[in-house]
file final.pdb (PDB, C-alpha atoms)
ATOM      1  CA  MET L   1       0.000   0.000   0.000  1.00  0.00           C
ATOM      2  CA  THR L   2       1.377   3.403  -0.918  1.00  0.00           C
ATOM      3  CA  ALA L   3       1.445   6.304   1.522  1.00  0.00           C
ATOM      4  CA  ASP L   4      -1.442   7.977  -0.331  1.00  0.00           C
ATOM      5  CA  ALA L   5      -3.603   4.867  -0.624  1.00  0.00           C
ATOM      6  CA  PRO L   6      -6.773   5.177   1.452  1.00  0.00           C
ATOM      7  CA  LEU L   7      -7.053   3.059   4.573  1.00  0.00           C
ATOM      8  CA  THR L   8      -9.768   0.427   4.461  1.00  0.00           C
ATOM      9  CA  ARG L   9     -11.504  -1.766   7.007  1.00  0.00           C
ATOM     10  CA  GLU L  10      -8.816  -4.380   6.273  1.00  0.00           C
ATOM     11  CA  SER L  11      -6.079  -1.881   7.254  1.00  0.00           C
ATOM     12  CA  PHE L  12      -6.879  -2.457  10.941  1.00  0.00           C
ATOM     13  CA  ARG L  13      -6.336  -5.533  13.113  1.00  0.00           C
ATOM     14  CA  ARG L  14      -9.699  -5.593  14.774  1.00  0.00           C
ATOM     15  CA  LEU L  15     -12.784  -3.507  14.264  1.00  0.00           C
ATOM     16  CA  HIS L  16     -16.167  -3.973  15.865  1.00  0.00           C
ATOM     17  CA  PRO L  17     -19.172  -2.271  14.285  1.00  0.00           C
ATOM     18  CA  ILE L  18     -21.473  -0.089  16.335  1.00  0.00           C
ATOM     19  CA  SER L  19     -23.695  -2.559  18.185  1.00  0.00           C
ATOM     20  CA  THR L  20     -26.487  -0.187  19.185  1.00  0.00           C
ATOM     21  CA  PRO L  21     -26.644   2.751  16.775  1.00  0.00           C
ATOM     22  CA  ARG L  22     -28.407   5.923  17.903  1.00  0.00           C
ATOM     23  CA  PRO L  23     -29.004   8.765  15.447  1.00  0.00           C
ATOM     24  CA  VAL L  24     -27.194  12.003  16.275  1.00  0.00           C
ATOM     25  CA  SER L  25     -29.672  14.854  15.921  1.00  0.00           C
ATOM     26  CA  GLN L  26     -27.135  17.690  16.032  1.00  0.00           C
ATOM     27  CA  LEU L  27     -24.619  17.669  13.158  1.00  0.00           C
ATOM     28  CA  PRO L  28     -21.657  19.916  12.398  1.00  0.00           C
ATOM     29  CA  ASP L  29     -22.488  22.924  10.185  1.00  0.00           C
ATOM     30  CA  ARG L  30     -19.078  22.830   8.563  1.00  0.00           C
ATOM     31  CA  VAL L  31     -18.687  22.297   4.844  1.00  0.00           C
ATOM     32  CA  TRP L  32     -15.497  20.398   4.081  1.00  0.00           C
ATOM     33  CA  THR L  33     -13.809  21.302   0.808  1.00  0.00           C
ATOM     34  CA  ASP L  34     -13.200  18.749  -1.921  1.00  0.00           C
ATOM     35  CA  GLU L  35      -9.510  18.830  -0.901  1.00  0.00           C
ATOM     36  CA  ASP L  36     -10.503  18.135   2.715  1.00  0.00           C
ATOM     37  CA  TRP L  37     -12.664  15.221   1.530  1.00  0.00           C
ATOM     38  CA  ASP L  38      -9.704  13.775  -0.391  1.00  0.00           C
ATOM     39  CA  GLN L  39      -7.693  13.772   2.837  1.00  0.00           C
ATOM     40  CA  ILE L  40     -10.619  12.494   4.942  1.00  0.00           C
ATOM     41  CA  ARG L  41     -11.060   9.596   2.493  1.00  0.00           C
ATOM     42  CA  ARG L  42      -7.460   8.506   3.165  1.00  0.00           C
ATOM     43  CA  GLY L  43      -8.433   7.828   6.784  1.00  0.00           C
ATOM     44  CA  TYR L  44      -6.221   7.792   9.834  1.00  0.00           C
ATOM     45  CA  HIS L  45      -4.364   5.031  11.658  1.00  0.00           C
ATOM     46  CA  ALA L  46      -3.287   5.602  15.285  1.00  0.00           C
ATOM     47  CA  ARG L  47       0.490   5.585  15.317  1.00  0.00           C
ATOM     48  CA  ASP L  48       1.039   4.704  18.968  1.00  0.00           C
ATOM     49  CA  MET L  49      -0.739   3.815  22.200  1.00  0.00           C
ATOM     50  CA  ASP L  50      -1.456   7.460  23.042  1.00  0.00           C
ATOM     51  CA  GLU L  51      -3.538   8.033  19.929  1.00  0.00           C
ATOM     52  CA  LYS L  52      -7.184   7.144  20.401  1.00  0.00           C
ATOM     53  CA  TRP L  53      -8.810   6.928  16.938  1.00  0.00           C
ATOM     54  CA  ASN L  54      -8.701   4.819  13.780  1.00  0.00           C
ATOM     55  CA  VAL L  55     -10.717   6.201  10.897  1.00  0.00           C
ATOM     56  CA  PHE L  56     -11.623   5.023   7.396  1.00  0.00           C
ATOM     57  CA  VAL L  57     -14.214   5.717   4.708  1.00  0.00           C
ATOM     58  CA  GLU L  58     -16.441   3.333   2.773  1.00  0.00           C
ATOM     59  CA  GLY L  59     -18.402   5.085   0.030  1.00  0.00           C
ATOM     60  CA  ASP L  60     -19.651   8.301   1.619  1.00  0.00           C
ATOM     61  CA  VAL L  61     -19.551   7.032   5.230  1.00  0.00           C
ATOM     62  CA  LEU L  62     -16.761   7.919   7.643  1.00  0.00           C
ATOM     63  CA  PHE L  63     -16.216   5.258  10.343  1.00  0.00           C
ATOM     64  CA  MET L  64     -14.539   6.353  13.604  1.00  0.00           C
ATOM     65  CA  HIS L  65     -13.314   3.553  15.892  1.00  0.00           C
ATOM     66  CA  ARG L  66     -11.437   3.633  19.180  1.00  0.00           C
ATOM     67  CA  SER L  67      -7.905   2.452  18.512  1.00  0.00           C
ATOM     68  CA  TRP L  68      -7.429   0.238  21.592  1.00  0.00           C
ATOM     69  CA  THR L  69     -10.724  -1.637  21.554  1.00  0.00           C
ATOM     70  CA  GLY L  70     -11.615  -1.381  17.878  1.00  0.00           C
ATOM     71  CA  HIS L  71     -15.169  -0.427  18.886  1.00  0.00           C
ATOM     72  CA  GLY L  72     -17.040   1.750  16.439  1.00  0.00           C
ATOM     73  CA  VAL L  73     -18.202   4.978  18.066  1.00  0.00           C
ATOM     74  CA  TYR L  74     -19.318   7.237  15.203  1.00  0.00           C
ATOM     75  CA  GLU L  75     -20.456   6.779  11.616  1.00  0.00           C
ATOM     76  CA  ALA L  76     -20.972   9.980   9.645  1.00  0.00           C
ATOM     77  CA  SER L  77     -22.570  10.033   6.193  1.00  0.00           C
ATOM     78  CA  PHE L  78     -21.348  12.793   3.880  1.00  0.00           C
ATOM     79  CA  ALA L  79     -23.089  14.215   0.817  1.00  0.00           C
ATOM     80  CA  PRO L  80     -21.642  16.406  -1.918  1.00  0.00           C
ATOM     81  CA  LEU L  81     -23.011  19.937  -2.201  1.00  0.00           C
ATOM     82  CA  THR L  82     -23.896  21.847  -5.334  1.00  0.00           C
ATOM     83  CA  GLY L  83     -20.923  24.073  -6.023  1.00  0.00           C
ATOM     84  CA  GLY L  84     -18.442  21.782  -4.267  1.00  0.00           C
ATOM     85  CA  GLY L  85     -17.574  20.521  -0.841  1.00  0.00           C
ATOM     86  CA  ARG L  86     -19.302  18.031   1.414  1.00  0.00           C
ATOM     87  CA  ARG L  87     -21.353  18.142   4.560  1.00  0.00           C
ATOM     88  CA  ILE L  88     -22.354  15.521   7.116  1.00  0.00           C
ATOM     89  CA  VAL L  89     -26.029  14.757   6.425  1.00  0.00           C
ATOM     90  CA  SER L  90     -26.583  12.036   9.028  1.00  0.00           C
ATOM     91  CA  ALA L  91     -24.649  10.277  11.758  1.00  0.00           C
ATOM     92  CA  VAL L  92     -25.013   7.578  14.373  1.00  0.00           C
ATOM     93  CA  VAL L  93     -23.213   7.042  17.663  1.00  0.00           C
ATOM     94  CA  GLU L  94     -22.756   3.929  19.784  1.00  0.00           C
ATOM     95  CA  ALA L  95     -25.532   3.849  22.403  1.00  0.00           C
ATOM     96  CA  ASP L  96     -24.268   0.766  24.296  1.00  0.00           C
ATOM     97  CA  GLY L  97     -22.968   2.201  27.577  1.00  0.00           C
ATOM     98  CA  GLU L  98     -20.506  -0.694  27.931  1.00  0.00           C
ATOM     99  CA  ARG L  99     -18.772   0.422  24.727  1.00  0.00           C
ATOM    100  CA  TYR L 100     -19.159   4.198  24.870  1.00  0.00           C
ATOM    101  CA  ARG L 101     -20.469   6.561  27.515  1.00  0.00           C
ATOM    102  CA  GLY L 102     -22.039   9.369  25.564  1.00  0.00           C
ATOM    103  CA  MET L 103     -22.608  12.866  26.857  1.00  0.00           C
ATOM    104  CA  GLY L 104     -25.344  13.931  24.462  1.00  0.00           C
ATOM    105  CA  ASP L 105     -25.749  15.175  20.916  1.00  0.00           C
ATOM    106  CA  GLU L 106     -23.909  18.484  21.463  1.00  0.00           C
ATOM    107  CA  TYR L 107     -20.843  16.560  22.643  1.00  0.00           C
ATOM    108  CA  ASP L 108     -21.100  13.978  19.846  1.00  0.00           C
ATOM    109  CA  CYS L 109     -21.452  16.699  17.208  1.00  0.00           C
ATOM    110  CA  LEU L 110     -18.354  18.433  18.537  1.00  0.00           C
ATOM    111  CA  MET L 111     -16.397  15.169  18.812  1.00  0.00           C
ATOM    112  CA  MET L 112     -17.101  14.148  15.213  1.00  0.00           C
ATOM    113  CA  GLU L 113     -15.963  17.531  13.928  1.00  0.00           C
ATOM    114  CA  LEU L 114     -12.933  17.520  16.221  1.00  0.00           C
ATOM    115  CA  ILE L 115     -11.808  14.039  15.139  1.00  0.00           C
ATOM    116  CA  ILE L 116     -12.064  15.105  11.495  1.00  0.00           C
ATOM    117  CA  SER L 117     -10.484  18.531  11.962  1.00  0.00           C
ATOM    118  CA  ALA L 118      -7.736  17.925  14.510  1.00  0.00           C
ATOM    119  CA  ILE L 119      -6.851  14.275  13.901  1.00  0.00           C
ATOM    120  CA  ILE L 120      -7.479  13.594  10.219  1.00  0.00           C
ATOM    121  CA  LEU L 121      -6.826  17.070   8.789  1.00  0.00           C
ATOM    122  CA  GLY L 122      -4.269  18.112  11.407  1.00  0.00           C
ATOM    123  CA  GLU L 123      -5.873  21.506  11.975  1.00  0.00           C
ATOM    124  CA  PRO L 124      -5.286  23.418  15.237  1.00  0.00           C
ATOM    125  CA  ALA L 125      -9.085  23.474  15.869  1.00  0.00           C
ATOM    126  CA  ALA L 126      -8.648  25.732  18.923  1.00  0.00           C
ATOM    127  CA  ASP L 127     -12.371  26.573  19.206  1.00  0.00           C
ATOM    128  CA  LEU L 128     -13.356  22.914  18.992  1.00  0.00           C
ATOM    129  CA  ARG L 129     -10.733  21.947  21.570  1.00  0.00           C
ATOM    130  CA  ALA L 130     -11.993  24.643  23.935  1.00  0.00           C
ATOM    131  CA  GLY L 131     -15.553  23.422  23.372  1.00  0.00           C
ATOM    132  CA  LEU L 132     -14.527  19.870  24.262  1.00  0.00           C
ATOM    133  CA  VAL L 133     -12.982  21.007  27.537  1.00  0.00           C
ATOM    134  CA  GLU L 134     -16.041  23.137  28.356  1.00  0.00           C
ATOM    135  CA  LEU L 135     -18.547  20.348  27.641  1.00  0.00           C
ATOM    136  CA  THR L 136     -16.471  17.818  29.588  1.00  0.00           C
ATOM    137  CA  ALA L 137     -16.194  20.170  32.562  1.00  0.00           C
ATOM    138  CA  ARG L 138     -19.934  20.870  32.467  1.00  0.00           C
ATOM    139  CA  ALA L 139     -20.760  17.143  32.347  1.00  0.00           C
ATOM    140  CA  SER L 140     -18.394  16.367  35.220  1.00  0.00           C
ATOM    141  CA  GLY L 141     -19.548  19.280  37.364  1.00  0.00           C
ATOM    142  CA  ARG L 142     -15.935  20.422  37.714  1.00  0.00           C
ATOM    143  CA  SER L 143     -14.450  23.686  36.528  1.00  0.00           C
ATOM    144  CA  ASP L 144     -10.829  22.808  37.249  1.00  0.00           C
ATOM    145  CA  LEU L 145     -10.241  20.136  34.580  1.00  0.00           C
ATOM    146  CA  PRO L 146      -6.826  20.598  32.933  1.00  0.00           C
ATOM    147  CA  SER L 147      -7.318  21.221  29.206  1.00  0.00           C
ATOM    148  CA  GLY L 148      -4.385  19.039  28.174  1.00  0.00           C
ATOM    149  CA  VAL L 149      -5.594  16.075  30.216  1.00  0.00           C
ATOM    150  CA  VAL L 150      -9.111  16.279  28.762  1.00  0.00           C
ATOM    151  CA  GLN L 151      -7.837  16.500  25.184  1.00  0.00           C
ATOM    152  CA  HIS L 152      -5.330  13.711  25.619  1.00  0.00           C
ATOM    153  CA  SER L 153      -7.735  11.334  27.345  1.00  0.00           C
ATOM    154  CA  VAL L 154     -10.497  11.737  24.754  1.00  0.00           C
ATOM    155  CA  LEU L 155      -8.597  12.487  21.551  1.00  0.00           C
ATOM    156  CA  GLY L 156      -5.029  11.406  22.162  1.00  0.00           C
ATOM    157  CA  LEU L 157      -3.970  14.971  21.431  1.00  0.00           C
ATOM    158  CA  ARG L 158      -1.961  17.342  23.506  1.00  0.00           C
ATOM    159  CA  SER L 159      -3.362  20.817  23.979  1.00  0.00           C
ATOM    160  CA  GLU L 160      -2.328  23.425  21.434  1.00  0.00           C
ATOM    161  CA  SER L 161      -0.382  26.301  22.907  1.00  0.00           C
TER
END
call {"tool": "encode", "arguments": {"input": "final.pdb", "output": "structure tokens"}}
result
Amino acid sequence: MTADAPLTRESFRRLHPISTPRPVSQLPDRVWTDEDWDQIRRGYHARDMDEKWNVFVEGDVLFMHRSWTGHGVYEASFAPLTGGGRRIVSAVVEADGERYRGMGDEYDCLMMELIISAIILGEPAADLRAGLVELTARASGRSDLPSGVVQHSVLGLRSES
């Protein structure tokens, strides 16, 4: 496989499909460019134990799996837009609490966009990162959560300075 060849389901040792899909009612507003879509279609393979996500595309569906367990967490369906670019038109999240403890549609919407933006596209995504920390703090009832710890534990990313 060449460096530019897209990752496929077979590129990963073990993957488990979402067992209990739940539709996500809140979707990112972002329109990804055709160039972004080309990069998204290549997928992402966690390079070490600290990275949390493996990602690949089949057709127009982006599959996001946890790297350690192989459990599917998100599936996002993209559609092309008139004039170019693509948008997420539907998505599901794992609803089985043994596989994934969700924090609601706002969190899932942000996480899908953050995985695509920060992990696959390598963007700084400062606003999305800040949103992740805020939503996590709100859900935990704590205001003193260290940003870097939150980002690393959920995304496998260190905070951007």
call {"tool": "residues_near_point", "arguments": {"input": "final.pdb", "point": "(-15.3, 19.5, 21.0)", "cutoff": "10 Å", "atoms": "all atoms listed in the file", "output": "list in words"}}
result
Glu106, Tyr107, Asp108, Cys109, Leu110, Met111, Met112, Glu113, Leu114, Ile115, Ala125, Ala126, Asp127, Leu128, Arg129, Ala130, Gly131, Leu132, Val133, Glu134, Leu135, Thr136, Gln151, Val154 and Leu155 of chain L
call {"tool": "write_last_selection", "arguments": {"input": "final.pdb", "atoms": "C-alpha atoms", "output": "PDB file, keeping the file's coordinate frame"}}
result
ATOM      1  CA  GLU L 106     -23.909  18.484  21.463  1.00  0.00           C
ATOM      2  CA  TYR L 107     -20.843  16.560  22.643  1.00  0.00           C
ATOM      3  CA  ASP L 108     -21.100  13.978  19.846  1.00  0.00           C
ATOM      4  CA  CYS L 109     -21.452  16.699  17.208  1.00  0.00           C
ATOM      5  CA  LEU L 110     -18.354  18.433  18.537  1.00  0.00           C
ATOM      6  CA  MET L 111     -16.397  15.169  18.812  1.00  0.00           C
ATOM      7  CA  MET L 112     -17.101  14.148  15.213  1.00  0.00           C
ATOM      8  CA  GLU L 113     -15.963  17.531  13.928  1.00  0.00           C
ATOM      9  CA  LEU L 114     -12.933  17.520  16.221  1.00  0.00           C
ATOM     10  CA  ILE L 115     -11.808  14.039  15.139  1.00  0.00           C
ATOM     11  CA  ALA L 125      -9.085  23.474  15.869  1.00  0.00           C
ATOM     12  CA  ALA L 126      -8.648  25.732  18.923  1.00  0.00           C
ATOM     13  CA  ASP L 127     -12.371  26.573  19.206  1.00  0.00           C
ATOM     14  CA  LEU L 128     -13.356  22.914  18.992  1.00  0.00           C
ATOM     15  CA  ARG L 129     -10.733  21.947  21.570  1.00  0.00           C
ATOM     16  CA  ALA L 130     -11.993  24.643  23.935  1.00  0.00           C
ATOM     17  CA  GLY L 131     -15.553  23.422  23.372  1.00  0.00           C
ATOM     18  CA  LEU L 132     -14.527  19.870  24.262  1.00  0.00           C
ATOM     19  CA  VAL L 133     -12.982  21.007  27.537  1.00  0.00           C
ATOM     20  CA  GLU L 134     -16.041  23.137  28.356  1.00  0.00           C
ATOM     21  CA  LEU L 135     -18.547  20.348  27.641  1.00  0.00           C
ATOM     22  CA  THR L 136     -16.471  17.818  29.588  1.00  0.00           C
ATOM     23  CA  GLN L 151      -7.837  16.500  25.184  1.00  0.00           C
ATOM     24  CA  VAL L 154     -10.497  11.737  24.754  1.00  0.00           C
ATOM     25  CA  LEU L 155      -8.597  12.487  21.551  1.00  0.00           C
TER      26      LEU L 155
END
call {"tool": "resolve_selection", "arguments": {"input": "final.pdb", "expression": "the PyMOL selection byres ((chain L and resi 61) around 7)", "output": "PyMOL selection string"}}
result
chain L and resi 57-60+62-63+75-78
call {"tool": "resolve_selection", "arguments": {"input": "final.pdb", "expression": "the PyMOL selection byres ((chain L and resi 74) around 12)", "output": "number ranges by chain"}}
result
L: 16-24, 27, 53-57, 61-66, 70-73, 75-77, 88, 90-95, 99-100, 102, 105, 108-113, 115-116
call {"tool": "write_last_selection", "arguments": {"input": "final.pdb", "atoms": "C-alpha atoms", "output": "compact mmCIF listing (two decimals), in the frame of the given file"}}
result
# COMPACT_ATOMS: atom_id res chain seq x y z
CA HIS L 16 -16.17 -3.97 15.86
CA PRO L 17 -19.17 -2.27 14.28
CA ILE L 18 -21.47 -0.09 16.34
CA SER L 19 -23.70 -2.56 18.18
CA THR L 20 -26.49 -0.19 19.18
CA PRO L 21 -26.64 2.75 16.77
CA ARG L 22 -28.41 5.92 17.90
CA PRO L 23 -29.00 8.76 15.45
CA VAL L 24 -27.19 12.00 16.27
CA LEU L 27 -24.62 17.67 13.16
CA TRP L 53 -8.81 6.93 16.94
CA ASN L 54 -8.70 4.82 13.78
CA VAL L 55 -10.72 6.20 10.90
CA PHE L 56 -11.62 5.02 7.40
CA VAL L 57 -14.21 5.72 4.71
CA VAL L 61 -19.55 7.03 5.23
CA LEU L 62 -16.76 7.92 7.64
CA PHE L 63 -16.22 5.26 10.34
CA MET L 64 -14.54 6.35 13.60
CA HIS L 65 -13.31 3.55 15.89
CA ARG L 66 -11.44 3.63 19.18
CA GLY L 70 -11.62 -1.38 17.88
CA HIS L 71 -15.17 -0.43 18.89
CA GLY L 72 -17.04 1.75 16.44
CA VAL L 73 -18.20 4.98 18.07
CA GLU L 75 -20.46 6.78 11.62
CA ALA L 76 -20.97 9.98 9.64
CA SER L 77 -22.57 10.03 6.19
CA ILE L 88 -22.35 15.52 7.12
CA SER L 90 -26.58 12.04 9.03
CA ALA L 91 -24.65 10.28 11.76
CA VAL L 92 -25.01 7.58 14.37
CA VAL L 93 -23.21 7.04 17.66
CA GLU L 94 -22.76 3.93 19.78
CA ALA L 95 -25.53 3.85 22.40
CA ARG L 99 -18.77 0.42 24.73
CA TYR L 100 -19.16 4.20 24.87
CA GLY L 102 -22.04 9.37 25.56
CA ASP L 105 -25.75 15.18 20.92
CA ASP L 108 -21.10 13.98 19.85
CA CYS L 109 -21.45 16.70 17.21
CA LEU L 110 -18.35 18.43 18.54
CA MET L 111 -16.40 15.17 18.81
CA MET L 112 -17.10 14.15 15.21
CA GLU L 113 -15.96 17.53 13.93
CA ILE L 115 -11.81 14.04 15.14
CA ILE L 116 -12.06 15.10 11.50
call {"tool": "closest_residue", "arguments": {"input": "final.pdb", "among": "L:Asp34, L:Asp96, L:Asp144, L:Glu123", "to": "Leu81 (chain L)", "atoms": "only C-alpha atoms"}}
result
L:Asp34
call {"tool": "axis_aligned_box", "arguments": {"input": "final.pdb", "around": "region 62-71 of chain L", "padding_each_side": "5 Å", "output": "AutoDock Vina command-line options"}}
result
--center_x -12.1 --center_y 3.1 --center_z 14.6 --size_x 19.3 --size_y 19.6 --size_z 23.9
call {"tool": "atom_distance", "arguments": {"input": "final.pdb", "atom1": "CA of Ala5 (chain L)", "atom2": "CA of Gly43 (chain L)"}}
result
9.3 Å
call {"tool": "resolve_selection", "arguments": {"input": "final.pdb", "expression": "the PyMOL selection byres ((chain L and resi 36) around 12)", "output": "list in words"}}
result
Arg30, Val31, Trp32, Thr33, Asp34, Glu35, Trp37, Asp38, Gln39, Ile40, Arg41, Arg42, Gly43, Gly84, Gly85, Arg86, Arg87, Ile116, Ser117, Ile120, Leu121, Gly122 and Glu123 of chain L
call {"tool": "write_last_selection", "arguments": {"input": "final.pdb", "atoms": "C-alpha atoms", "output": "CSV table (one decimal), in the coordinates of the input"}}
result
chain,number,residue,atom,x,y,z
L,30,ARG,CA,-19.1,22.8,8.6
L,31,VAL,CA,-18.7,22.3,4.8
L,32,TRP,CA,-15.5,20.4,4.1
L,33,THR,CA,-13.8,21.3,0.8
L,34,ASP,CA,-13.2,18.7,-1.9
L,35,GLU,CA,-9.5,18.8,-0.9
L,37,TRP,CA,-12.7,15.2,1.5
L,38,ASP,CA,-9.7,13.8,-0.4
L,39,GLN,CA,-7.7,13.8,2.8
L,40,ILE,CA,-10.6,12.5,4.9
L,41,ARG,CA,-11.1,9.6,2.5
L,42,ARG,CA,-7.5,8.5,3.2
L,43,GLY,CA,-8.4,7.8,6.8
L,84,GLY,CA,-18.4,21.8,-4.3
L,85,GLY,CA,-17.6,20.5,-0.8
L,86,ARG,CA,-19.3,18.0,1.4
L,87,ARG,CA,-21.4,18.1,4.6
L,116,ILE,CA,-12.1,15.1,11.5
L,117,SER,CA,-10.5,18.5,12.0
L,120,ILE,CA,-7.5,13.6,10.2
L,121,LEU,CA,-6.8,17.1,8.8
L,122,GLY,CA,-4.3,18.1,11.4
L,123,GLU,CA,-5.9,21.5,12.0
call {"tool": "atom_distance", "arguments": {"input": "final.pdb", "atom1": "CA of Arg14 (chain L)", "atom2": "CA of Thr69 (chain L)"}}
result
7.9 Å
call {"tool": "atom_distance", "arguments": {"input": "final.pdb", "atom1": "CA of Asp50 (chain L)", "atom2": "CA of Ser147 (chain L)"}}
result
16.2 Å
call {"tool": "build_atoms", "arguments": {"input": "final.pdb", "residues": "region 85-102 of chain L", "atoms": "N, CA, C and O atoms", "output": "PDB file, keeping the file's coordinate frame"}}
result
ATOM      1  N   GLY L  85     -17.641  20.788  -2.263  1.00  0.00           N
ATOM      2  CA  GLY L  85     -17.574  20.521  -0.841  1.00  0.00           C
ATOM      3  C   GLY L  85     -18.551  19.441  -0.414  1.00  0.00           C
ATOM      4  O   GLY L  85     -19.361  18.955  -1.212  1.00  0.00           O
ATOM      5  N   ARG L  86     -18.442  19.071   0.841  1.00  0.00           N
ATOM      6  CA  ARG L  86     -19.302  18.031   1.414  1.00  0.00           C
ATOM      7  C   ARG L  86     -19.692  18.424   2.823  1.00  0.00           C
ATOM      8  O   ARG L  86     -18.973  19.134   3.505  1.00  0.00           O
ATOM      9  N   ARG L  87     -20.825  17.885   3.223  1.00  0.00           N
ATOM     10  CA  ARG L  87     -21.353  18.142   4.560  1.00  0.00           C
ATOM     11  C   ARG L  87     -21.833  16.813   5.133  1.00  0.00           C
ATOM     12  O   ARG L  87     -22.264  15.937   4.406  1.00  0.00           O
ATOM     13  N   ILE L  88     -21.780  16.688   6.451  1.00  0.00           N
ATOM     14  CA  ILE L  88     -22.354  15.521   7.116  1.00  0.00           C
ATOM     15  C   ILE L  88     -23.873  15.687   7.092  1.00  0.00           C
ATOM     16  O   ILE L  88     -24.400  16.702   7.550  1.00  0.00           O
ATOM     17  N   VAL L  89     -24.568  14.687   6.540  1.00  0.00           N
ATOM     18  CA  VAL L  89     -26.029  14.757   6.425  1.00  0.00           C
ATOM     19  C   VAL L  89     -26.741  13.842   7.420  1.00  0.00           C
ATOM     20  O   VAL L  89     -27.929  14.019   7.678  1.00  0.00           O
ATOM     21  N   SER L  90     -26.026  12.880   7.971  1.00  0.00           N
ATOM     22  CA  SER L  90     -26.583  12.036   9.028  1.00  0.00           C
ATOM     23  C   SER L  90     -25.428  11.355   9.747  1.00  0.00           C
ATOM     24  O   SER L  90     -24.331  11.216   9.189  1.00  0.00           O
ATOM     25  N   ALA L  91     -25.683  10.951  10.973  1.00  0.00           N
ATOM     26  CA  ALA L  91     -24.649  10.277  11.758  1.00  0.00           C
ATOM     27  C   ALA L  91     -25.311   9.420  12.823  1.00  0.00           C
ATOM     28  O   ALA L  91     -26.442   9.695  13.246  1.00  0.00           O
ATOM     29  N   VAL L  92     -24.593   8.390  13.232  1.00  0.00           N
ATOM     30  CA  VAL L  92     -25.013   7.578  14.373  1.00  0.00           C
ATOM     31  C   VAL L  92     -23.846   7.472  15.345  1.00  0.00           C
ATOM     32  O   VAL L  92     -22.683   7.613  14.969  1.00  0.00           O
ATOM     33  N   VAL L  93     -24.190   7.215  16.596  1.00  0.00           N
ATOM     34  CA  VAL L  93     -23.213   7.042  17.663  1.00  0.00           C
ATOM     35  C   VAL L  93     -23.552   5.752  18.401  1.00  0.00           C
ATOM     36  O   VAL L  93     -24.714   5.326  18.421  1.00  0.00           O
ATOM     37  N   GLU L  94     -22.548   5.143  18.985  1.00  0.00           N
ATOM     38  CA  GLU L  94     -22.756   3.929  19.784  1.00  0.00           C
ATOM     39  C   GLU L  94     -23.561   4.286  21.033  1.00  0.00           C
ATOM     40  O   GLU L  94     -23.180   5.183  21.785  1.00  0.00           O
ATOM     41  N   ALA L  95     -24.682   3.593  21.239  1.00  0.00           N
ATOM     42  CA  ALA L  95     -25.532   3.849  22.403  1.00  0.00           C
ATOM     43  C   ALA L  95     -25.329   2.824  23.513  1.00  0.00           C
ATOM     44  O   ALA L  95     -25.882   2.985  24.604  1.00  0.00           O
ATOM     45  N   ASP L  96     -24.548   1.778  23.276  1.00  0.00           N
ATOM     46  CA  ASP L  96     -24.268   0.766  24.296  1.00  0.00           C
ATOM     47  C   ASP L  96     -23.289   1.364  25.313  1.00  0.00           C
ATOM     48  O   ASP L  96     -22.130   1.615  24.994  1.00  0.00           O
ATOM     49  N   GLY L  97     -23.775   1.580  26.535  1.00  0.00           N
ATOM     50  CA  GLY L  97     -22.968   2.201  27.577  1.00  0.00           C
ATOM     51  C   GLY L  97     -21.736   1.404  27.977  1.00  0.00           C
ATOM     52  O   GLY L  97     -20.810   1.949  28.571  1.00  0.00           O
ATOM     53  N   GLU L  98     -21.693   0.121  27.657  1.00  0.00           N
ATOM     54  CA  GLU L  98     -20.506  -0.694  27.931  1.00  0.00           C
ATOM     55  C   GLU L  98     -19.385  -0.379  26.933  1.00  0.00           C
ATOM     56  O   GLU L  98     -18.219  -0.621  27.209  1.00  0.00           O
ATOM     57  N   ARG L  99     -19.750   0.127  25.776  1.00  0.00           N
ATOM     58  CA  ARG L  99     -18.772   0.422  24.727  1.00  0.00           C
ATOM     59  C   ARG L  99     -18.416   1.899  24.653  1.00  0.00           C
ATOM     60  O   ARG L  99     -17.321   2.255  24.252  1.00  0.00           O
ATOM     61  N   TYR L 100     -19.383   2.762  24.980  1.00  0.00           N
ATOM     62  CA  TYR L 100     -19.159   4.198  24.870  1.00  0.00           C
ATOM     63  C   TYR L 100     -20.143   4.912  25.779  1.00  0.00           C
ATOM     64  O   TYR L 100     -21.339   4.677  25.701  1.00  0.00           O
ATOM     65  N   ARG L 101     -19.612   5.776  26.629  1.00  0.00           N
ATOM     66  CA  ARG L 101     -20.469   6.561  27.515  1.00  0.00           C
ATOM     67  C   ARG L 101     -20.656   7.941  26.894  1.00  0.00           C
ATOM     68  O   ARG L 101     -19.798   8.800  27.008  1.00  0.00           O
ATOM     69  N   GLY L 102     -21.763   8.114  26.237  1.00  0.00           N
ATOM     70  CA  GLY L 102     -22.039   9.369  25.564  1.00  0.00           C
ATOM     71  C   GLY L 102     -22.418  10.467  26.530  1.00  0.00           C
ATOM     72  O   GLY L 102     -22.857  10.220  27.650  1.00  0.00           O
TER      73      GLY L 102
END
